[in-house]
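Asks: Mind looking over this structure? Questions follow.
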Amino acid sequence: MCGIVGVLGKHQAAPILVDGLRRLEYRGYDSAGIATVNNGQLDRRRALGKLVNLNDHLVLHPLAGTSGIGHTRWATHGAATTANAHPHASGRIAVVHNGIIENFRELRVFLASHKIEPQTETDTETVAMLADWHLSQGLSPIEAAKETIARLEGAYALAFLFDGEDDLMIVARKGSPLAVGWGDGEMFVGSDALALASMTNEITYLEEGDLAIITRAGADFFDAGGCAVTRQRRTVAVDATSVDKAGHRHFMSKEIAEQPVVLANTIKFYLDGQKRRELISENLDLAAVDRVVMVACGTASLACFVAKYWFEQIAGLPVEVDIASEFRYREPPISGRTLTIFVSQSGETADTLAALRYCAGKASQVVAVVNVIESSIARESDVVLPIHAGPEIGVASTKAFTCQLAVLAVLALEAAKQRGACSDKVLQKLTSDLWRVPSLVADALGTDAAIQVVSAQLARHDDAIFLGRGAHYPLALEGALKLKEISYIHAEGYAAGELKHGPIALIDEQMPVVVLAPHDAMFEKTVSNMQEVMARGGKIIMISDAEGVSKAGDSTWHRIEMPQFESHWSPIVYSIPMQLLAYHTACEKGTDVDQPRNLAKSVTVE
Ligand code: G6P
């Protein structure tokens with residue numbers, strides 16, 4: 001992960017770098033740092049923890065200079081300490097890095113043979129040491145950076161700054177994204193266009209293997225073979241205004257509350273005709289494919305898993321769902337009749353991007369379902385379907401998840417239509433059900449007070465189990481994931497029917513079990529599994545509608561009453577109590593809801 005930013009500017013660099021880092025904190029917040037060239041000399045400031053600590057440090061120890069680089073870290077090699085914070089420096093070089101240098105141990109052996117020893121536990125410091133060694137051999141800064149990069153294995157977005165060079169920055173990318181921003185007599189660098197939003201919207205994205213030599217006058221680009229290349233300069237639509245909490249205590253609660261509105265926008269965007277035609281109907285031949293492969297990570301992969309039920313049940317189209325980190329190395333066969341769909345909020349998740357690249361050229365088409373349309377995944381796909389959730393700041397995904405589901409629902413409907421898998425009447429019913437989803441989500445938000453009561457008690461437990469059947473099974477997985485992510489309570493999700501094959505051994509009087517049991521075709525079966533838990537003393541939190549609660553809610557520990565909605569799209573509505581339960585439990589425990597420990601919102605390393 002990690003976010004990097006750089007500037008060769010006209011004004012003091014430190015505030016510009018900190019502003020860029022603020023927009024990149026979603027990539028990690030273990031430590032942050034900046035380096036500048038001040039009166040020809042490299043200097044740096046670093047601080048442990050969130051960016052606010054660096055900011056405070058800079059108040060007491062300001063850093064002057066108009067050229068600089070900055071970094072916000074998610075620790076991979078070496079603990080989160082100030083010494084391990086970037087920028088790393090060695091002699092006349094400072095460097096910031098996003099990625100993992102896989103051969104750093106071999107490089108250290110080489111450096112040790114020249115009596116150059118590391119001062120930190122990081123892989124990145126090796127890059128600075130090696131570049132400085134090349135300088136000591138008489139190479140110019142540009143040659144030293146090039147020689148260093150040529151010896152690196154692994155993934156990187158790198159920015160180098162040099163002592164004595166106020167008008168030079170060298171950047172390179174392999175595996176991790178990097179954007180160069182164009183100003184008026186100023187140049188910028190950032191992990192994404194958002195980082196540069198307040199500086200410029202004129203962006204050139206580096207391509208895989210690229211290196212760029214940047215001065216205030218512009219940038220020269222070189223491809224992996226070292227040949228000079230032209231890279232497209234484009235104007236991107238990113239909003240520079242800072243996103244606020246709109247009166248909410250946390251971004252997560254704001255984002256949960258926004259769902260009726262953003263879902264209504266997304267559903268309208270795709271169901272209103274023109275966009276569906278342009279983006280989906282005219283772009284995708286869903287009758288010609290014989291299977292769909294969906295690949296994603298984390299919460300996005302659970303959206304795919306829900307959608308698998310829809311594609312198979314509604315469109316009769318087989319779907320395979322895989323997590324990207326496994327898919328990319330498994331070498332799965334992909335034929336020209338396979339449609340591949342990559343789902344990602346950020347559009348930058350390293351494993352999902354690698355899986356996409358594996359499929360490009362093999363699959364009939366590569367479709368991206370993304371929130372950030374200026375992302376690597378979007379740029380490398382044949383068809384981009386934006387989810388229109390708006391900026392999602394809370395690390396735990398909420399509105400992006402339900403908007404991903406909404407877009408996948410539209411795709412499933414389109415597949416059913418193109419394949420003639422449903423009658424017009426059924427299609428019409430499914431479509432009108434989908435239009436109803438935003439208002440049902442608004443009703444589901446009405447469970448907030450009841451869920452706060454449950455959460456106050458759930459927070460006193462160390463473990464929890466989530467059960468569901470059918471398309472609510474992946475939602476049970478999502479409920480467990482959300483709870484563990486932000487409340488640090490150990491939670492597992494299971495298919496309700498799988499309970500007796502092991503997990504039931506965990507049930508005792510202390511075990512809370514959340515049961516997703518809408519009154520649908522699976523209701524009786526789910527309730528039977530719920531009874532098996534109750535018979536062993538487990539504490540049931542039943543989430544169902546009025547009918548379900550009246551039939552089977554007796555003797556449960558808690559009941560959450562949801563709106564009545566017997567539809568394929570019910571998992572979108574049932575996402576709400578999963579989110580609220582995690583949110584209120586985390587608040588009860590006093591955890592850092594928006595930036596939970598050890599996590600980052602965008603995972604740009606594998
Ligand atoms: C991280 C985030 C999750 C997210 C996952 C995939 O783990 O904390 O919220 O679901 O990455 O991210 P993506 O941006 O690809 O959806």
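A note on labels: chains of the structure tokens are A, B, ... as shown, every chain counts residues from 1, and ligands are counted from 1 in their shown order.
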Residues within 6 Å of ligand 1 (only C-alpha atoms and all ligand atoms), as a CSV table (one decimal) with all heavy atoms, in the first residue's frame?

Replies:
```
chain,number,residue,atom,x,y,z
A,297,CYS,N,-11.4,-8.6,-4.3
A,297,CYS,CA,-10.8,-8.9,-2.9
A,297,CYS,C,-11.8,-8.3,-1.9
A,297,CYS,O,-12.5,-7.4,-2.1
A,297,CYS,CB,-9.5,-8.1,-2.7
A,297,CYS,SG,-8.2,-8.7,-3.8
A,298,GLY,N,-11.7,-8.9,-0.7
A,298,GLY,CA,-12.4,-8.3,0.5
A,298,GLY,C,-13.9,-8.2,0.2
A,298,GLY,O,-14.5,-9.1,-0.4
A,299,THR,N,-14.4,-7.1,0.7
A,299,THR,CA,-15.9,-6.9,0.6
A,299,THR,C,-16.3,-6.9,-0.9
A,299,THR,O,-17.4,-7.5,-1.2
A,299,THR,CB,-16.2,-5.5,1.2
A,299,THR,OG1,-16.0,-5.7,2.6
A,299,THR,CG2,-17.6,-5.1,0.9
A,300,ALA,N,-15.5,-6.4,-1.8
A,300,ALA,CA,-15.9,-6.5,-3.2
A,300,ALA,C,-16.1,-7.9,-3.7
A,300,ALA,O,-17.0,-8.2,-4.5
A,300,ALA,CB,-14.9,-5.8,-4.0
A,344,SER,N,-14.1,-3.6,-7.9
A,344,SER,CA,-13.1,-2.9,-7.0
A,344,SER,C,-13.6,-1.5,-6.7
A,344,SER,O,-13.9,-0.7,-7.6
A,344,SER,CB,-11.7,-2.9,-7.6
A,344,SER,OG,-10.9,-2.1,-6.8
A,345,GLN,N,-13.7,-1.2,-5.4
A,345,GLN,CA,-14.1,0.2,-5.1
A,345,GLN,C,-13.0,1.2,-5.6
A,345,GLN,O,-13.2,2.1,-6.3
A,345,GLN,CB,-14.2,0.3,-3.5
A,345,GLN,CG,-14.8,1.6,-3.0
A,345,GLN,CD,-13.8,2.8,-3.0
A,345,GLN,OE1,-14.1,3.9,-3.5
A,345,GLN,NE2,-12.6,2.6,-2.5
A,346,SER,N,-11.7,0.9,-5.2
A,346,SER,CA,-10.6,1.8,-5.5
A,346,SER,C,-10.2,1.7,-6.9
A,346,SER,O,-9.7,2.7,-7.5
A,346,SER,CB,-9.4,1.5,-4.6
A,346,SER,OG,-8.9,0.2,-4.8
A,347,GLY,N,-10.3,0.5,-7.5
A,347,GLY,CA,-9.8,0.3,-8.8
A,347,GLY,C,-8.3,0.2,-8.8
A,347,GLY,O,-7.6,0.2,-9.9
A,349,THR,N,-6.6,-2.1,-6.4
A,349,THR,CA,-6.1,-3.3,-5.6
A,349,THR,C,-5.2,-4.1,-6.5
A,349,THR,O,-5.5,-4.6,-7.5
A,349,THR,CB,-7.3,-4.1,-5.1
A,349,THR,OG1,-8.2,-3.2,-4.4
A,349,THR,CG2,-6.9,-5.3,-4.3
A,395,VAL,N,-12.6,3.1,6.0
A,395,VAL,CA,-11.9,1.9,5.5
A,395,VAL,C,-12.8,0.7,5.3
A,395,VAL,O,-12.7,0.0,4.3
A,395,VAL,CB,-10.7,1.5,6.5
A,395,VAL,CG1,-10.2,0.1,6.2
A,395,VAL,CG2,-9.6,2.5,6.3
A,396,ALA,N,-13.8,0.6,6.2
A,396,ALA,CA,-14.8,-0.5,6.0
A,396,ALA,C,-15.8,-0.1,4.9
A,396,ALA,O,-16.4,0.9,5.0
A,396,ALA,CB,-15.5,-0.8,7.3
A,397,SER,N,-15.8,-0.9,3.8
A,397,SER,CA,-16.7,-0.5,2.7
A,397,SER,C,-18.2,-0.7,3.0
A,397,SER,O,-18.6,-1.7,3.6
A,397,SER,CB,-16.3,-1.4,1.5
A,397,SER,OG,-17.0,-0.9,0.4
A,600,ALA,N,-5.9,-0.9,5.5
A,600,ALA,CA,-5.8,0.3,4.7
A,600,ALA,C,-7.0,0.1,3.7
A,600,ALA,O,-7.4,-1.0,3.4
A,600,ALA,CB,-4.5,0.4,3.9
A,601,LYS,N,-7.4,1.2,3.1
A,601,LYS,CA,-8.6,1.2,2.3
A,601,LYS,C,-8.2,0.6,0.9
A,601,LYS,O,-9.0,0.0,0.2
A,601,LYS,CB,-9.2,2.5,2.1
A,601,LYS,CG,-10.5,2.5,1.3
A,601,LYS,CD,-11.5,3.4,1.8
A,601,LYS,CE,-12.9,3.2,1.2
A,601,LYS,NZ,-13.5,2.0,1.7
A,602,SER,N,-7.0,1.0,0.4
A,602,SER,CA,-6.6,0.6,-0.9
A,602,SER,C,-5.4,-0.3,-0.7
A,602,SER,O,-4.4,0.2,-0.2
A,602,SER,CB,-6.3,1.8,-1.8
A,602,SER,OG,-5.9,1.4,-3.0
A,603,VAL,N,-5.4,-1.5,-1.2
A,603,VAL,CA,-4.3,-2.5,-1.0
A,603,VAL,C,-3.5,-2.6,-2.2
A,603,VAL,O,-3.8,-3.4,-3.1
A,603,VAL,CB,-4.9,-3.8,-0.5
A,603,VAL,CG1,-3.8,-4.8,-0.2
A,603,VAL,CG2,-5.8,-3.6,0.8
```

Asks: Hey, what does DSSP flag as strand (DSSP E or B) within region 76-295 of chain A? Can you give it to me as a tab-separated table (two decimals) with C-alpha atoms, in the first residue's frame?

Replies:
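In the end it all went to selection-v7.tsv:
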```
chain	number	residue	atom	x	y	z
A	88	HIS	CA	14.42	6.90	3.27
A	89	ALA	CA	17.72	8.59	2.79
A	90	SER	CA	21.26	7.48	2.10
A	93	ILE	CA	19.52	10.44	-2.10
A	94	ALA	CA	16.02	10.44	-0.60
A	95	VAL	CA	13.37	8.07	-1.84
A	96	VAL	CA	9.70	7.25	-1.26
A	97	HIS	CA	8.27	3.91	-2.31
A	98	ASN	CA	4.96	2.12	-2.62
A	99	GLY	CA	5.30	-1.64	-3.19
A	100	ILE	CA	7.69	-4.38	-2.13
A	101	ILE	CA	11.31	-4.79	-3.28
A	154	GLY	CA	9.14	-6.78	-7.10
A	155	ALA	CA	6.61	-3.97	-7.23
A	156	TYR	CA	7.24	-0.29	-6.93
A	157	ALA	CA	6.16	3.24	-7.47
A	158	LEU	CA	9.27	5.25	-6.61
A	159	ALA	CA	10.21	8.90	-6.43
A	160	PHE	CA	13.85	9.97	-6.01
A	161	LEU	CA	15.09	13.36	-4.83
A	162	PHE	CA	18.77	14.34	-4.90
A	165	GLU	CA	19.40	19.06	-7.33
A	166	ASP	CA	16.55	21.46	-6.74
A	167	ASP	CA	15.00	20.90	-10.17
A	168	LEU	CA	15.07	17.15	-10.62
A	169	MET	CA	12.89	14.25	-9.58
A	170	ILE	CA	13.01	10.76	-11.01
A	171	VAL	CA	10.01	8.49	-10.74
A	172	ALA	CA	9.34	4.94	-11.87
A	173	ARG	CA	6.53	2.44	-11.74
A	174	LYS	CA	6.21	-1.30	-11.92
A	175	GLY	CA	3.16	-2.91	-10.36
A	179	ALA	CA	0.62	9.74	-11.87
A	180	VAL	CA	2.58	12.81	-13.02
A	181	GLY	CA	0.70	16.12	-12.71
A	182	TRP	CA	1.33	19.15	-14.92
A	187	MET	CA	5.30	19.56	-11.73
A	188	PHE	CA	3.71	17.08	-9.36
A	189	VAL	CA	3.72	13.37	-8.66
A	190	GLY	CA	1.13	11.28	-6.84
A	202	GLU	CA	-3.73	17.59	-15.96
A	203	ILE	CA	-2.38	14.09	-15.47
A	204	THR	CA	-0.14	11.59	-17.23
A	205	TYR	CA	-0.29	8.06	-15.87
A	211	LEU	CA	10.49	5.85	-15.77
A	212	ALA	CA	10.10	9.63	-15.93
A	213	ILE	CA	12.66	12.39	-15.53
A	214	ILE	CA	10.88	15.42	-14.17
A	215	THR	CA	11.96	19.05	-13.97
A	218	GLY	CA	8.04	19.11	-17.82
A	219	ALA	CA	8.59	15.37	-17.88
A	220	ASP	CA	10.34	12.94	-20.23
A	221	PHE	CA	9.02	9.40	-20.24
A	222	PHE	CA	10.93	6.18	-20.97
A	228	ALA	CA	11.82	7.61	-24.98
A	229	VAL	CA	8.04	7.43	-25.28
A	234	ARG	CA	-5.30	14.03	-19.95
A	235	THR	CA	-7.64	16.24	-18.03
A	291	ARG	CA	-19.74	-18.47	-18.16
A	292	VAL	CA	-18.82	-15.48	-16.08
A	293	VAL	CA	-15.72	-15.22	-13.91
A	294	MET	CA	-15.82	-12.55	-11.22
A	295	VAL	CA	-12.67	-11.61	-9.37
```

Asks: Restricting the calculation to only C-alpha atoms, which member of A:Lys268, A:Lys482, A:Leu475, A:Arg469 is positioned closest to Ser528 (chain A)?

Replies: A:Arg469

Asks: Which one of A:Val605, A:Ala257, A:Ala324, A:Ala354 sits closest to Gln579 (chain A) if you count only C-alpha atoms?

Replies: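 Of A:Val605, A:Ala257, A:Ala324, A:Ala354, the one nearest Gln579 (chain A) is A:Ala257, counting only C-alpha atoms.
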
Asks: Please measure the separation of CA of Ala582 (chain A) and CA of Val319 (chain A), giving the value in Å to one decimal.

Replies: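 CA of Val319 (chain A) lies at a distance of 29.3 Å from CA of Ala582 (chain A).
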